[in-house]
Each structure stands twice: as C-alpha cells, then as structure tokens.
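Visitor: Here it is, the structure, as structure tokens.
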Amino acid sequence: MDAGGLKLANVLKQAGLAASTSEANRKIEEGAVRIDGARVTDRGLTLAAGAEHVFQVGSRRFARLKLELKH
C-alpha cells in the first residue's frame, strides 16, 4: 500500500466487488469499472484516504465506500 492512498484493485477486492485483485484489474482494463459515474481504465490509480465514492463494477454491482487507511 502506498503512503499516498489505496490501490483501486485492492479497494474493489476488499469491498467484495471483485473476487480477487486479478479480477479487479481485468475489469478495470475492460472498462467495466466506474467511480462516481466516470469510467476508469487506469490499473495504477490510487485513491486518497478519507474520500467517499460510489464504485460500480459491471452493470449490477455498486458500493458507496468511505476510504480509510488502517494503522
């Protein structure tokens, strides 16, 4: 985990929106992932802790998450 934030694939896995980080990366590359309605295709995207977003994987899986770093 980076000091600057959380990797998108790890967030999707931990939220239960993807079975594994490999699946999450595949979905990102396919263009099946949206954050706040905007399509994301960058596998290397890191998200800042403390932010709240709506994540969508495919057409049916949604989650509203507040991102926090565990100490």
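Ordered as shown in the structure tokens, chains take letters A, B, and onward, while each chain numbers its residues from 1 and ligands are numbered from 1 in the order shown.
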Could you list, as a PDB file with N, CA and C atoms, in the first residue's frame, every residue within 7 Å of Ala24 in chain A, counting only C-alpha atoms and ignoring same-chain residues fewer than 6 positions away?

Guide:
```
ATOM      1  N   ALA A   9      -7.617  -1.614  -7.387  1.00  0.00           N
ATOM      2  CA  ALA A   9      -7.902  -3.052  -7.427  1.00  0.00           C
ATOM      3  C   ALA A   9      -8.075  -3.617  -6.022  1.00  0.00           C
ATOM      4  N   LEU A  12     -11.519  -2.579  -4.634  1.00  0.00           N
ATOM      5  CA  LEU A  12     -12.606  -3.377  -5.211  1.00  0.00           C
ATOM      6  C   LEU A  12     -12.650  -4.765  -4.586  1.00  0.00           C
ATOM      7  N   LYS A  13     -11.480  -5.368  -4.361  1.00  0.00           N
ATOM      8  CA  LYS A  13     -11.428  -6.696  -3.743  1.00  0.00           C
ATOM      9  C   LYS A  13     -11.944  -6.644  -2.309  1.00  0.00           C
ATOM     10  N   ALA A  18     -15.057  -7.455  -6.396  1.00  0.00           N
ATOM     11  CA  ALA A  18     -14.277  -8.349  -7.254  1.00  0.00           C
ATOM     12  C   ALA A  18     -13.765  -9.485  -6.372  1.00  0.00           C
TER      13      ALA A  18
END
```

Visitor: Excluding same-chain residues fewer than 4 positions from range 29-32 of chain A, what lies within 6 Å of it counting only C-alpha atoms, as a list in words?

Guide: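 My reading of the contact set: Thr41, Val57 and Gly58 of chain A.
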
Visitor: Would you write out those residues with C-alpha atoms, as a PDB file, in the first residue's frame?

Guide:
```pdb
ATOM      1  CA  THR A  41      -9.286   2.326 -17.163  1.00  0.00           C
ATOM      2  CA  VAL A  57     -18.325  -2.926 -11.366  1.00  0.00           C
ATOM      3  CA  GLY A  58     -20.321  -4.134 -14.351  1.00  0.00           C
TER       4      GLY A  58
END
```

Visitor: So, with only C-alpha atoms as the atoms that count, which of A:Gly16, A:Ile28, A:Gly44, A:Lys7 lies closest to Phe62 in chain A?

Guide: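 Ranking A:Gly16, A:Ile28, A:Gly44, A:Lys7 by distance to Phe62 in chain A, first place goes to A:Gly16.
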
Visitor: Identify, on the basis of only C-alpha atoms, every residue whose closest approach to range 64-67 of chain A does not exceed 6 Å; exclude the query and any residue fewer than 6 positions from it along the same chain; express the result as a PyMOL selection string.

Guide: chain A and resi 49-54

Visitor: Put those residues in a file: N, CA and C atoms, as a compact mmCIF listing (two decimals), in the first residue's frame.

Guide:
```txt
# COMPACT_ATOMS: atom_id res chain seq x y z
N ALA A 49 -7.18 8.42 0.94
CA ALA A 49 -7.94 8.00 2.12
C ALA A 49 -8.79 9.18 2.59
N GLY A 50 -9.94 8.86 3.18
CA GLY A 50 -10.83 9.89 3.69
C GLY A 50 -11.90 10.31 2.71
N ALA A 51 -11.75 9.93 1.44
CA ALA A 51 -12.74 10.30 0.42
C ALA A 51 -13.88 9.27 0.41
N GLU A 52 -15.04 9.70 -0.05
CA GLU A 52 -16.18 8.79 -0.20
C GLU A 52 -16.58 8.78 -1.65
N HIS A 53 -16.73 7.58 -2.22
CA HIS A 53 -17.07 7.43 -3.64
C HIS A 53 -18.11 6.35 -3.82
N VAL A 54 -18.79 6.39 -4.97
CA VAL A 54 -19.67 5.30 -5.38
C VAL A 54 -18.91 4.52 -6.45
```
